[in-house]
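Right, one structure below, let's go through it.
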Amino acid sequence: MTDDAVTTRRLRVHRFKRGDHQPHIEEHDVPVDERTTVLEALRWIQLHQDLTLGLRHSCFHASCGTCGVRVNGKERLACVTKLSDISGTVTVDPLANLPVLHDVVVDMGPFVARYPEPHPIVRGSEFLSESRTADGIDEHERYEDCIECGLCLSACPVAATDDTYLGPAALAYAQRLLEEARGADRDAILDWADQDTGAWRCHAAFECTEACPSDVRPAQRIMALRKELRHRRKDRDLEVPERPSSASEASA
Ligand code: SF4
Ligand code: FES
């Protein structure tokens, strides 16, 4: 928060703690200026009004992916969402389709678990040999481009009704590896994606692409993945599942 705060905004914040029967909303009036972000406002509440408010963040500049929330129902990175870009009352909820741990903090375990171990599309970081890892961590893994924020999963209407769906981020990364083919085992990747809970489960709603803050374009990548799968199934005289598709996929 800067010194030139000029006005007050009301935030409605989702509250939930272990042992609560139901979540509830608490309202806070927060001093803000033109540049105040949702994350700064939440931090102000935590520092000045309620130390027990649970939130998660790290980088403050849209690279760590830890501060994802829903702001007035839309998936956003709280650290780069300015309150001045939102009119009226601001309601902050945790991401959807993931278990809520505490207030607006969700358990990212089910997001990461969508990348099964051992997995053909996950590889160790190239920087591992020059970097130090934190105590208790043997190695880092990364999924190129994606900041692993989970916004796409939160926005996905399929994930809302089917928690077995592999989801936009993991499928997008699989397609990215096919595209770049840096030593990837194409058949292993396609086998993994070619399952009922994989690429065929997508309804082509494109909500994930709209939510993604990192230009991964997961929906387009899932459509590209299905195009590859469709050709592979035809080559093998296998049935091609009928699924909702984008215009570009339908013409492939
Ligand atoms: S694909 Fe985009 S929205 Fe999904 S986890 Fe990665 S960066 Fe976040
Ligand atoms: S705090 Fe790192 S992405 Fe928002």
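Numbering starts fresh at 1 for the residues of each chain in the structure tokens, the chains themselves are lettered A, B, ... in the order given, and ligands are numbered from 1 as they appear.
Residues in contact range of Ser63 in chain A, defined as at most 12 Å between only C-alpha atoms, with sequence neighbours fewer than 3 positions away removed, read His57, Ser58, Cys59, Phe60, Thr66, Cys67, Gly68, Leu77, Ala78, Cys79, Val80, Asp145, Cys146, Ile147, Glu148, Cys149, Pro213 and Ser214 of chain A.
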Item to check | Exercise: Arg226 in chain A partners within 9 Å, only C-alpha atoms, chain neighbours under 2 positions left out, as a ChimeraX atom specification | outcome: /A:193-194,199-200,221-224,228-231,249
How would the residues just chosen look if you wrote them out with N, CA and C atoms as a PDB file, in the first residue's frame?
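After the write, part25.pdb holds the following:
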```
ATOM      1  N   ALA A 193      -2.612 -39.198 -22.919  1.00  0.00           N
ATOM      2  CA  ALA A 193      -3.695 -38.242 -23.222  1.00  0.00           C
ATOM      3  C   ALA A 193      -4.932 -38.920 -23.795  1.00  0.00           C
ATOM      4  N   ASP A 194      -4.750 -40.105 -24.393  1.00  0.00           N
ATOM      5  CA  ASP A 194      -5.834 -40.779 -25.124  1.00  0.00           C
ATOM      6  C   ASP A 194      -6.647 -41.655 -24.171  1.00  0.00           C
ATOM      7  N   ALA A 199      -7.752 -36.016 -23.001  1.00  0.00           N
ATOM      8  CA  ALA A 199      -8.098 -34.981 -23.983  1.00  0.00           C
ATOM      9  C   ALA A 199      -9.538 -35.090 -24.475  1.00  0.00           C
ATOM     10  N   TRP A 200     -10.079 -36.311 -24.526  1.00  0.00           N
ATOM     11  CA  TRP A 200     -11.447 -36.476 -25.033  1.00  0.00           C
ATOM     12  C   TRP A 200     -12.496 -35.931 -24.069  1.00  0.00           C
ATOM     13  N   ARG A 221      -4.402 -25.913 -27.034  1.00  0.00           N
ATOM     14  CA  ARG A 221      -3.434 -27.025 -26.993  1.00  0.00           C
ATOM     15  C   ARG A 221      -4.152 -28.373 -26.848  1.00  0.00           C
ATOM     16  N   ILE A 222      -5.251 -28.381 -26.113  1.00  0.00           N
ATOM     17  CA  ILE A 222      -6.029 -29.628 -26.008  1.00  0.00           C
ATOM     18  C   ILE A 222      -6.637 -29.975 -27.367  1.00  0.00           C
ATOM     19  N   MET A 223      -7.114 -28.953 -28.092  1.00  0.00           N
ATOM     20  CA  MET A 223      -7.663 -29.216 -29.424  1.00  0.00           C
ATOM     21  C   MET A 223      -6.582 -29.771 -30.349  1.00  0.00           C
ATOM     22  N   ALA A 224      -5.371 -29.219 -30.258  1.00  0.00           N
ATOM     23  CA  ALA A 224      -4.259 -29.717 -31.089  1.00  0.00           C
ATOM     24  C   ALA A 224      -3.902 -31.155 -30.706  1.00  0.00           C
ATOM     25  N   GLU A 228      -4.064 -34.692 -33.093  1.00  0.00           N
ATOM     26  CA  GLU A 228      -3.037 -35.752 -33.199  1.00  0.00           C
ATOM     27  C   GLU A 228      -3.634 -37.106 -32.845  1.00  0.00           C
ATOM     28  N   LEU A 229      -4.428 -37.128 -31.783  1.00  0.00           N
ATOM     29  CA  LEU A 229      -5.018 -38.396 -31.341  1.00  0.00           C
ATOM     30  C   LEU A 229      -5.993 -38.941 -32.384  1.00  0.00           C
ATOM     31  N   ARG A 230      -6.732 -38.012 -33.003  1.00  0.00           N
ATOM     32  CA  ARG A 230      -7.700 -38.447 -34.017  1.00  0.00           C
ATOM     33  C   ARG A 230      -6.972 -39.119 -35.183  1.00  0.00           C
ATOM     34  N   HIS A 231      -5.878 -38.489 -35.654  1.00  0.00           N
ATOM     35  CA  HIS A 231      -5.113 -39.076 -36.763  1.00  0.00           C
ATOM     36  C   HIS A 231      -4.528 -40.423 -36.359  1.00  0.00           C
ATOM     37  N   GLU A 249     -10.460 -27.504 -34.974  1.00  0.00           N
ATOM     38  CA  GLU A 249     -10.309 -28.943 -34.785  1.00  0.00           C
ATOM     39  C   GLU A 249     -11.256 -29.688 -35.723  1.00  0.00           C
TER      40      GLU A 249
END
```
Item to check | Residues near Glu27 in chain A, cut-off 10 Å, only C-alpha atoms, skip fewer than 3 positions along chain, as a ChimeraX atom specification | outcome: /A:10-14,30,45,89-91
Since we have the selection now, will you write its residues out, keeping N, CA, C and O atoms, as a PDB file, in the first residue's frame?
```
ATOM      1  N   ARG A  10     -14.625  -1.593  -0.300  1.00  0.00           N
ATOM      2  CA  ARG A  10     -15.112  -2.695   0.537  1.00  0.00           C
ATOM      3  C   ARG A  10     -14.771  -4.029  -0.127  1.00  0.00           C
ATOM      4  O   ARG A  10     -15.092  -4.244  -1.298  1.00  0.00           O
ATOM      5  N   LEU A  11     -14.106  -4.880   0.654  1.00  0.00           N
ATOM      6  CA  LEU A  11     -13.827  -6.232   0.190  1.00  0.00           C
ATOM      7  C   LEU A  11     -14.667  -7.229   0.966  1.00  0.00           C
ATOM      8  O   LEU A  11     -14.734  -7.160   2.194  1.00  0.00           O
ATOM      9  N   ARG A  12     -15.291  -8.144   0.255  1.00  0.00           N
ATOM     10  CA  ARG A  12     -16.001  -9.269   0.878  1.00  0.00           C
ATOM     11  C   ARG A  12     -15.103 -10.480   0.699  1.00  0.00           C
ATOM     12  O   ARG A  12     -14.785 -10.870  -0.435  1.00  0.00           O
ATOM     13  N   VAL A  13     -14.685 -11.068   1.797  1.00  0.00           N
ATOM     14  CA  VAL A  13     -13.665 -12.117   1.733  1.00  0.00           C
ATOM     15  C   VAL A  13     -14.211 -13.431   2.275  1.00  0.00           C
ATOM     16  O   VAL A  13     -14.796 -13.476   3.374  1.00  0.00           O
ATOM     17  N   HIS A  14     -14.028 -14.473   1.494  1.00  0.00           N
ATOM     18  CA  HIS A  14     -14.438 -15.826   1.890  1.00  0.00           C
ATOM     19  C   HIS A  14     -13.591 -16.268   3.080  1.00  0.00           C
ATOM     20  O   HIS A  14     -12.364 -16.213   3.037  1.00  0.00           O
ATOM     21  N   VAL A  30     -11.103  -1.075   3.097  1.00  0.00           N
ATOM     22  CA  VAL A  30      -9.648  -1.007   2.930  1.00  0.00           C
ATOM     23  C   VAL A  30      -9.264   0.296   2.238  1.00  0.00           C
ATOM     24  O   VAL A  30      -9.860   0.642   1.214  1.00  0.00           O
ATOM     25  N   ILE A  45      -5.666  -6.096   5.163  1.00  0.00           N
ATOM     26  CA  ILE A  45      -6.636  -6.669   6.121  1.00  0.00           C
ATOM     27  C   ILE A  45      -5.903  -7.536   7.131  1.00  0.00           C
ATOM     28  O   ILE A  45      -6.144  -7.464   8.345  1.00  0.00           O
ATOM     29  N   THR A  89     -18.470  -3.435  -5.215  1.00  0.00           N
ATOM     30  CA  THR A  89     -17.951  -4.289  -4.152  1.00  0.00           C
ATOM     31  C   THR A  89     -17.105  -5.398  -4.757  1.00  0.00           C
ATOM     32  O   THR A  89     -17.402  -5.913  -5.832  1.00  0.00           O
ATOM     33  N   VAL A  90     -16.044  -5.747  -4.051  1.00  0.00           N
ATOM     34  CA  VAL A  90     -15.122  -6.776  -4.545  1.00  0.00           C
ATOM     35  C   VAL A  90     -15.248  -8.004  -3.645  1.00  0.00           C
ATOM     36  O   VAL A  90     -15.023  -7.920  -2.431  1.00  0.00           O
ATOM     37  N   THR A  91     -15.615  -9.117  -4.257  1.00  0.00           N
ATOM     38  CA  THR A  91     -15.725 -10.366  -3.493  1.00  0.00           C
ATOM     39  C   THR A  91     -14.562 -11.284  -3.865  1.00  0.00           C
ATOM     40  O   THR A  91     -14.325 -11.539  -5.054  1.00  0.00           O
TER      41      THR A  91
END
```
Rows by chain and residue number, chain A within 9 Å of ligand 1, shortest pair, only C-alpha atoms and all ligand atoms, as JSON lines:
```
{"residue": "A:Gly65", "atom": "CA", "partner": "ligand 1", "partner_atom_place_in_ligand_line": "8 (Fe)", "distance": 6.8}
{"residue": "A:Gly68", "atom": "CA", "partner": "ligand 1", "partner_atom_place_in_ligand_line": "8 (Fe)", "distance": 8.6}
{"residue": "A:Glu75", "atom": "CA", "partner": "ligand 1", "partner_atom_place_in_ligand_line": "3 (S)", "distance": 8.8}
{"residue": "A:Phe111", "atom": "CA", "partner": "ligand 1", "partner_atom_place_in_ligand_line": "5 (S)", "distance": 8.5}
{"residue": "A:Tyr143", "atom": "CA", "partner": "ligand 1", "partner_atom_place_in_ligand_line": "6 (Fe)", "distance": 8.1}
{"residue": "A:Glu144", "atom": "CA", "partner": "ligand 1", "partner_atom_place_in_ligand_line": "6 (Fe)", "distance": 8.8}
{"residue": "A:Asp145", "atom": "CA", "partner": "ligand 1", "partner_atom_place_in_ligand_line": "7 (S)", "distance": 6.8}
{"residue": "A:Cys146", "atom": "CA", "partner": "ligand 1", "partner_atom_place_in_ligand_line": "6 (Fe)", "distance": 3.7}
{"residue": "A:Ile147", "atom": "CA", "partner": "ligand 1", "partner_atom_place_in_ligand_line": "7 (S)", "distance": 4.4}
{"residue": "A:Glu148", "atom": "CA", "partner": "ligand 1", "partner_atom_place_in_ligand_line": "5 (S)", "distance": 3.8}
{"residue": "A:Cys149", "atom": "CA", "partner": "ligand 1", "partner_atom_place_in_ligand_line": "8 (Fe)", "distance": 4.1}
{"residue": "A:Gly150", "atom": "CA", "partner": "ligand 1", "partner_atom_place_in_ligand_line": "5 (S)", "distance": 4.1}
{"residue": "A:Leu151", "atom": "CA", "partner": "ligand 1", "partner_atom_place_in_ligand_line": "3 (S)", "distance": 4.3}
{"residue": "A:Cys152", "atom": "CA", "partner": "ligand 1", "partner_atom_place_in_ligand_line": "3 (S)", "distance": 4.0}
{"residue": "A:Leu153", "atom": "CA", "partner": "ligand 1", "partner_atom_place_in_ligand_line": "4 (Fe)", "distance": 6.4}
{"residue": "A:Ser154", "atom": "CA", "partner": "ligand 1", "partner_atom_place_in_ligand_line": "3 (S)", "distance": 8.6}
{"residue": "A:Ala155", "atom": "CA", "partner": "ligand 1", "partner_atom_place_in_ligand_line": "3 (S)", "distance": 8.7}
{"residue": "A:Gly167", "atom": "CA", "partner": "ligand 1", "partner_atom_place_in_ligand_line": "4 (Fe)", "distance": 8.7}
{"residue": "A:Pro168", "atom": "CA", "partner": "ligand 1", "partner_atom_place_in_ligand_line": "4 (Fe)", "distance": 6.3}
{"residue": "A:Ala169", "atom": "CA", "partner": "ligand 1", "partner_atom_place_in_ligand_line": "1 (S)", "distance": 4.2}
{"residue": "A:Ala170", "atom": "CA", "partner": "ligand 1", "partner_atom_place_in_ligand_line": "1 (S)", "distance": 7.7}
{"residue": "A:Leu171", "atom": "CA", "partner": "ligand 1", "partner_atom_place_in_ligand_line": "1 (S)", "distance": 8.9}
{"residue": "A:Ala172", "atom": "CA", "partner": "ligand 1", "partner_atom_place_in_ligand_line": "1 (S)", "distance": 6.7}
{"residue": "A:Tyr173", "atom": "CA", "partner": "ligand 1", "partner_atom_place_in_ligand_line": "1 (S)", "distance": 7.9}
{"residue": "A:Cys208", "atom": "CA", "partner": "ligand 1", "partner_atom_place_in_ligand_line": "3 (S)", "distance": 6.4}
{"residue": "A:Thr209", "atom": "CA", "partner": "ligand 1", "partner_atom_place_in_ligand_line": "3 (S)", "distance": 7.2}
{"residue": "A:Glu210", "atom": "CA", "partner": "ligand 1", "partner_atom_place_in_ligand_line": "3 (S)", "distance": 8.5}
{"residue": "A:Ala211", "atom": "CA", "partner": "ligand 1", "partner_atom_place_in_ligand_line": "3 (S)", "distance": 5.9}
{"residue": "A:Cys212", "atom": "CA", "partner": "ligand 1", "partner_atom_place_in_ligand_line": "3 (S)", "distance": 3.5}
{"residue": "A:Pro213", "atom": "CA", "partner": "ligand 1", "partner_atom_place_in_ligand_line": "2 (Fe)", "distance": 5.8}
{"residue": "A:Ser214", "atom": "CA", "partner": "ligand 1", "partner_atom_place_in_ligand_line": "7 (S)", "distance": 4.8}
{"residue": "A:Asp215", "atom": "CA", "partner": "ligand 1", "partner_atom_place_in_ligand_line": "2 (Fe)", "distance": 6.6}
{"residue": "A:Val216", "atom": "CA", "partner": "ligand 1", "partner_atom_place_in_ligand_line": "2 (Fe)", "distance": 5.2}
{"residue": "A:Arg217", "atom": "CA", "partner": "ligand 1", "partner_atom_place_in_ligand_line": "1 (S)", "distance": 6.8}
{"residue": "A:Pro218", "atom": "CA", "partner": "ligand 1", "partner_atom_place_in_ligand_line": "1 (S)", "distance": 5.6}
```
Next on the checklist: Could you go through range 20-160 of chain A and tell me which residues DSSP, when run on the backbone, assigns to strand (DSSP E or B), listing them as a ChimeraX atom specification?
Outcome noted: /A:24-32,37,68-71,74-77,82,90-93,100-102,105-106,123-124,141-142
Selection near Val106 in chain A, 9 Å with only C-alpha atoms, sequence-local residues under 4 positions removed, as a PDB file with N, CA and C atoms, in the first residue's frame:
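Saved the output as result_16.pdb:
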```
ATOM      1  N   ARG A  56      -2.139 -16.841   0.334  1.00  0.00           N
ATOM      2  CA  ARG A  56      -0.868 -17.392  -0.129  1.00  0.00           C
ATOM      3  C   ARG A  56      -0.306 -16.491  -1.223  1.00  0.00           C
ATOM      4  N   PRO A  94     -11.835 -18.357  -2.836  1.00  0.00           N
ATOM      5  CA  PRO A  94     -10.753 -19.258  -3.238  1.00  0.00           C
ATOM      6  C   PRO A  94     -11.016 -19.830  -4.627  1.00  0.00           C
ATOM      7  N   LEU A  95      -9.986 -20.375  -5.269  1.00  0.00           N
ATOM      8  CA  LEU A  95     -10.176 -21.067  -6.534  1.00  0.00           C
ATOM      9  C   LEU A  95     -11.197 -22.187  -6.360  1.00  0.00           C
ATOM     10  N   ALA A  96     -11.915 -22.470  -7.435  1.00  0.00           N
ATOM     11  CA  ALA A  96     -12.890 -23.564  -7.416  1.00  0.00           C
ATOM     12  C   ALA A  96     -12.223 -24.877  -7.834  1.00  0.00           C
ATOM     13  N   LEU A  98     -10.912 -27.175  -6.224  1.00  0.00           N
ATOM     14  CA  LEU A  98      -9.827 -27.633  -5.361  1.00  0.00           C
ATOM     15  C   LEU A  98     -10.300 -27.477  -3.909  1.00  0.00           C
ATOM     16  N   PRO A  99      -9.844 -28.369  -3.010  1.00  0.00           N
ATOM     17  CA  PRO A  99     -10.311 -28.261  -1.617  1.00  0.00           C
ATOM     18  C   PRO A  99      -9.800 -26.978  -0.956  1.00  0.00           C
ATOM     19  N   VAL A 100     -10.669 -26.329  -0.199  1.00  0.00           N
ATOM     20  CA  VAL A 100     -10.259 -25.121   0.525  1.00  0.00           C
ATOM     21  C   VAL A 100      -9.598 -25.532   1.837  1.00  0.00           C
ATOM     22  N   LEU A 101      -8.398 -25.024   2.056  1.00  0.00           N
ATOM     23  CA  LEU A 101      -7.686 -25.309   3.299  1.00  0.00           C
ATOM     24  C   LEU A 101      -8.017 -24.288   4.373  1.00  0.00           C
ATOM     25  N   HIS A 102      -7.974 -22.992   3.952  1.00  0.00           N
ATOM     26  CA  HIS A 102      -8.069 -21.919   4.942  1.00  0.00           C
ATOM     27  C   HIS A 102      -8.386 -20.620   4.197  1.00  0.00           C
TER      28      HIS A 102
END
```
